[in-house]
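Visitor: The file below is query_26.cif, mmCIF, C-alpha atoms:
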data_run
loop_
_atom_site.label_atom_id
_atom_site.label_comp_id
_atom_site.auth_asym_id
_atom_site.auth_seq_id
_atom_site.Cartn_x
_atom_site.Cartn_y
_atom_site.Cartn_z
CA MET A 148 0.00 0.00 0.00
CA LEU A 149 2.82 2.37 0.70
CA GLU A 150 4.24 1.74 -2.71
CA ASP A 151 1.13 3.14 -4.40
CA THR A 152 1.20 6.48 -2.53
CA ALA A 153 4.90 7.16 -2.91
CA ARG A 154 5.76 9.85 -5.43
CA PRO A 155 7.78 8.67 -8.35
CA SER A 156 11.28 10.09 -8.39
CA GLN A 157 11.79 12.80 -10.98
CA PRO A 158 14.60 12.50 -13.46
CA PRO A 159 17.34 15.17 -13.27
CA PRO A 160 16.71 18.25 -15.42
CA PRO A 161 18.22 18.25 -18.90
CA ALA A 162 21.66 19.81 -19.30
CA ALA A 163 20.22 22.95 -20.93
CA HIS A 164 18.26 23.78 -17.77
CA ARG A 165 20.84 23.21 -15.10
CA HIS A 166 23.05 25.97 -13.70
CA VAL A 167 26.20 26.25 -15.80
CA GLN A 168 29.37 27.19 -14.00
CA GLN A 169 32.40 28.80 -15.57
CA THR A 170 34.40 25.64 -15.02
CA ASP A 171 31.95 23.79 -17.28
CA LEU A 172 32.68 26.09 -20.24
CA PRO A 173 35.61 25.98 -22.62
CA ALA A 174 38.13 28.81 -22.22
CA ASP A 175 36.93 30.73 -25.32
CA GLN A 176 33.37 30.99 -23.97
CA ILE A 177 34.23 32.44 -20.57
CA TYR A 178 33.40 36.15 -20.36
CA LYS A 179 36.30 38.22 -19.14
CA ARG A 180 35.67 41.80 -18.14
CA LYS A 181 38.00 44.40 -19.56
CA GLY A 182 40.09 46.22 -17.01
CA VAL A 183 39.93 49.96 -16.61
CA PRO A 184 42.90 51.70 -18.26
CA LYS A 185 45.22 53.00 -15.55
CA ARG A 186 45.64 56.37 -17.28
CA ARG A 187 41.89 56.97 -17.27
CA PHE A 188 41.58 55.91 -13.65
CA ALA A 189 44.46 58.12 -12.47
CA GLY A 190 43.29 61.07 -14.59
CA CYS A 191 39.82 60.90 -13.08
CA VAL A 192 41.19 60.71 -9.54
CA PHE A 193 43.42 63.75 -10.18
CA ALA A 194 40.48 65.63 -11.73
CA VAL A 195 38.26 64.99 -8.69
CA LEU A 196 41.04 65.98 -6.29
CA LEU A 197 41.78 69.18 -8.22
CA GLY A 198 38.09 70.07 -8.50
CA GLY A 199 37.56 69.48 -4.79
CA TRP A 200 40.60 71.57 -3.86
CA MET A 201 39.55 74.40 -6.17
CA LEU A 202 36.11 74.37 -4.58
CA VAL A 203 37.34 74.35 -0.99
CA VAL A 204 39.88 77.18 -1.34
CA PRO A 205 37.44 79.98 -2.37
CA ILE A 206 34.94 78.86 0.26
CA THR A 207 37.64 78.91 2.94
CA LEU A 208 39.01 82.28 1.85
CA ILE A 209 35.65 84.01 1.33
CA ASP A 210 36.17 86.42 4.25
CA ARG A 211 39.62 87.42 3.01
CA LEU A 212 38.55 87.70 -0.63
CA LYS A 213 35.66 90.07 0.02
CA ASP A 214 38.13 92.70 1.25
CA VAL A 215 40.38 92.49 -1.84
CA PRO A 216 39.94 95.65 -3.94
CA GLY A 217 39.10 95.45 -7.60
CA PRO A 218 36.16 94.25 -9.67
CA GLY A 219 37.98 91.15 -10.97
CA THR A 220 37.96 89.26 -7.67
CA GLY A 221 34.32 88.29 -7.88
CA SER A 222 34.46 87.17 -11.49
CA VAL A 223 37.64 85.16 -10.93
CA THR A 224 36.11 83.50 -7.88
CA VAL A 225 32.94 82.62 -9.79
CA SER A 226 34.96 81.17 -12.66
CA VAL A 227 37.13 79.17 -10.24
CA VAL A 228 34.07 77.73 -8.50
CA ALA A 229 32.30 76.96 -11.81
CA CYS A 230 35.37 75.20 -13.21
CA ALA A 231 35.86 73.31 -9.95
CA VAL A 232 32.28 72.05 -9.90
CA ALA A 233 32.42 70.99 -13.56
CA THR A 234 35.79 69.26 -13.16
CA ALA A 235 34.84 67.42 -9.97
CA ALA A 236 31.45 66.36 -11.35
CA LEU A 237 32.78 65.16 -14.71
CA GLY A 238 35.79 63.50 -13.07
CA GLY A 239 33.57 61.66 -10.61
CA PHE A 240 31.11 60.62 -13.30
CA ARG A 241 33.94 59.44 -15.54
CA PHE A 242 35.52 57.60 -12.59
CA PHE A 243 32.36 55.62 -11.86
CA ASN A 244 31.79 54.96 -15.57
CA ALA A 245 35.38 54.22 -16.47
CA LEU A 246 34.51 51.35 -18.81
CA ASP A 247 32.33 53.66 -20.91
CA GLU A 248 34.29 54.52 -24.05
CA ARG A 249 32.28 57.53 -25.21
CA ARG A 250 34.64 60.10 -26.62
CA GLY A 251 32.41 63.09 -25.84
CA LEU A 252 32.51 62.43 -22.12
CA SER A 253 36.30 62.27 -22.14
CA LEU A 254 36.53 65.45 -24.21
CA ALA A 255 34.24 67.27 -21.79
CA LEU A 256 36.44 66.23 -18.87
CA VAL A 257 39.61 67.34 -20.67
CA THR A 258 37.98 70.68 -21.53
CA SER A 259 36.89 71.28 -17.94
CA LEU A 260 40.36 70.34 -16.69
CA ALA A 261 41.95 72.81 -19.11
CA ALA A 262 39.50 75.49 -17.95
CA SER A 263 40.35 74.72 -14.31
CA VAL A 264 44.08 75.02 -14.94
CA THR A 265 43.46 78.30 -16.78
CA ALA A 266 41.31 79.60 -13.92
CA ALA A 267 44.07 78.64 -11.46
CA VAL A 268 46.63 80.57 -13.52
CA ILE A 269 44.34 83.61 -13.64
CA SER A 270 43.71 83.40 -9.89
CA THR A 271 47.36 84.20 -9.19
CA SER A 272 46.60 87.80 -10.14
CA ILE A 273 44.29 88.09 -7.11
CA PRO A 274 46.30 88.73 -3.92
CA GLY A 275 43.96 86.60 -1.80
CA TYR A 276 44.63 83.42 -3.75
CA GLY A 277 48.36 83.55 -4.35
CA LEU A 278 49.68 80.11 -5.28
CA LEU A 279 46.95 78.15 -3.46
CA LEU A 280 45.34 77.09 -6.74
CA LEU A 281 48.28 77.25 -9.12
CA ILE A 282 50.45 74.63 -7.43
CA PRO A 283 47.71 71.94 -7.25
CA ALA A 284 46.73 72.75 -10.84
CA LEU A 285 50.30 72.16 -11.96
CA VAL A 286 50.79 69.07 -9.78
CA ALA A 287 47.43 67.36 -10.43
CA GLY A 288 45.72 69.14 -13.32
CA VAL A 289 48.47 69.12 -15.93
CA PRO A 290 49.34 65.41 -15.46
CA ALA A 291 45.61 64.58 -15.58
CA LEU A 292 45.34 66.49 -18.85
CA PHE A 293 48.19 64.48 -20.36
CA MET A 294 46.83 61.16 -19.08
CA LEU A 295 43.29 61.74 -20.30
CA THR A 296 44.44 63.13 -23.65
CA ARG A 297 46.59 60.04 -24.23
CA ASP A 298 43.65 57.88 -23.19
CA ILE A 299 41.40 59.58 -25.76
CA ARG A 300 43.99 58.97 -28.45
CA SER A 301 44.37 55.30 -27.53
CA VAL A 302 40.60 54.74 -27.52
CA SER A 303 40.16 56.45 -30.89
CA LYS A 304 42.86 54.23 -32.47
CA HIS A 305 40.92 51.08 -31.62
#
For the file at hand, write its structure as structure tokens.
Guide:
Amino acid sequence: MLEDTARPSQPPPPAAHRHVQQTDLPADQIYKRKGVPKRRFAGCVFAVLLGGWMLVVPITLIDRLKDVPGPGTGSVTVSVVACAVATAALGGFRFFNALDERRGLSLALVTSLAASVTAAVISTSIPGYGLLLLIPALVAGVPALFMLTRDIRSVSKH
């Protein structure tokens, strides 16, 4: 009587329906993720660091900068902050999407980096800034420009 109520054992699922592991596949069928180019990674990190520094300095010096005579102080400060925000935002976005090979995004980052370095050079004419923006722009911004420009060239060759 027990034999009649027992459920028949089910056969194992066909091979097409079972979970396939990478060890089951031949080497040419295993998906390997491309690594992030080191130049792009380092360039994005430098861009974010430079953008952050260029944003912190005017905010920190706001009390000293409001007493500097001349109409150019305000416009230089606004351009420094705008370039810093653009560079940090594009550098961060490019960092988190480093495998994305869109050329326009890389060009936008290089353009904002160039604008940030230019704004840092112009800021030396304001006595309140001095070399606080120029030195980081030369140490981080210029190498990032070279790295990202070389990365754009290498991507466009492929």
Visitor: At a cut-off of 12 Å, using all atoms listed in the file, what residues contact Ile209 of chain A? Leave out same-chain residues fewer than 2 positions from it and give the result as a ChimeraX atom specification.
Guide: /A:202-207,211-215,220-221,224-225,228,275-276
Visitor: Take atom CA of Pro218 of chain A and atom CA of Ala262 of chain A and report the distance between them in Å, one decimal.
Guide: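 Computing it gives 20.8 Å between the two atoms.
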Visitor: Could you build a table of the residues in segment 177-217 of chain A lying no more than 12 Å from segment 250-256 of chain A, giving for each the nearest pair of atoms and their separation in Å rounded to one decimal place, using only C-alpha atoms, ordered by chain and ascending residue number, as a tab-separated table?
Guide:
residue	atom	partner	partner_atom	distance
A:Arg187	CA	A:Ser253	CA	9.1
A:Phe188	CA	A:Ser253	CA	11.8
A:Gly190	CA	A:Leu256	CA	9.6
A:Cys191	CA	A:Leu256	CA	8.6
A:Val192	CA	A:Leu256	CA	11.8
A:Phe193	CA	A:Leu256	CA	11.4
A:Ala194	CA	A:Leu256	CA	8.2
A:Val195	CA	A:Leu256	CA	10.4
A:Gly198	CA	A:Leu256	CA	11.2
Visitor: If you take every atom of segment 243-251 of chain A that the file lists and fit an axis-aligned box around them with 3 Å extra on each side, what centre and edge lengths come out in Å to one decimal, as AutoDock Vina command-line options?
Guide:
--center_x 33.6 --center_y 57.2 --center_z -19.2 --size_x 9.6 --size_y 17.7 --size_z 20.8
Visitor: Atom CA of Leu280 of chain A and atom CA of Trp200 of chain A are how many Å apart?
Guide: 7.8 Å
Visitor: Could you state the separation of atom CA of Lys185 of chain A and atom CA of Phe242 of chain A in Å, given to one decimal place?
Guide: 11.1 Å
Visitor: Taking (35.2, 67.0, -16.4) as a centre in this file's frame and 7 Å as the limit, can you find every polymer residue with an atom that close, using only C-alpha atoms, and give them as a list in words?
Guide: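 Within 7 Å of (35.2, 67.0, -16.4), the protein and nucleic acid residues are Ala233, Thr234, Ala235, Ala236, Leu237, Gly238, Ala255, Leu256, Val257, Thr258, Ser259 and Leu260 of chain A.
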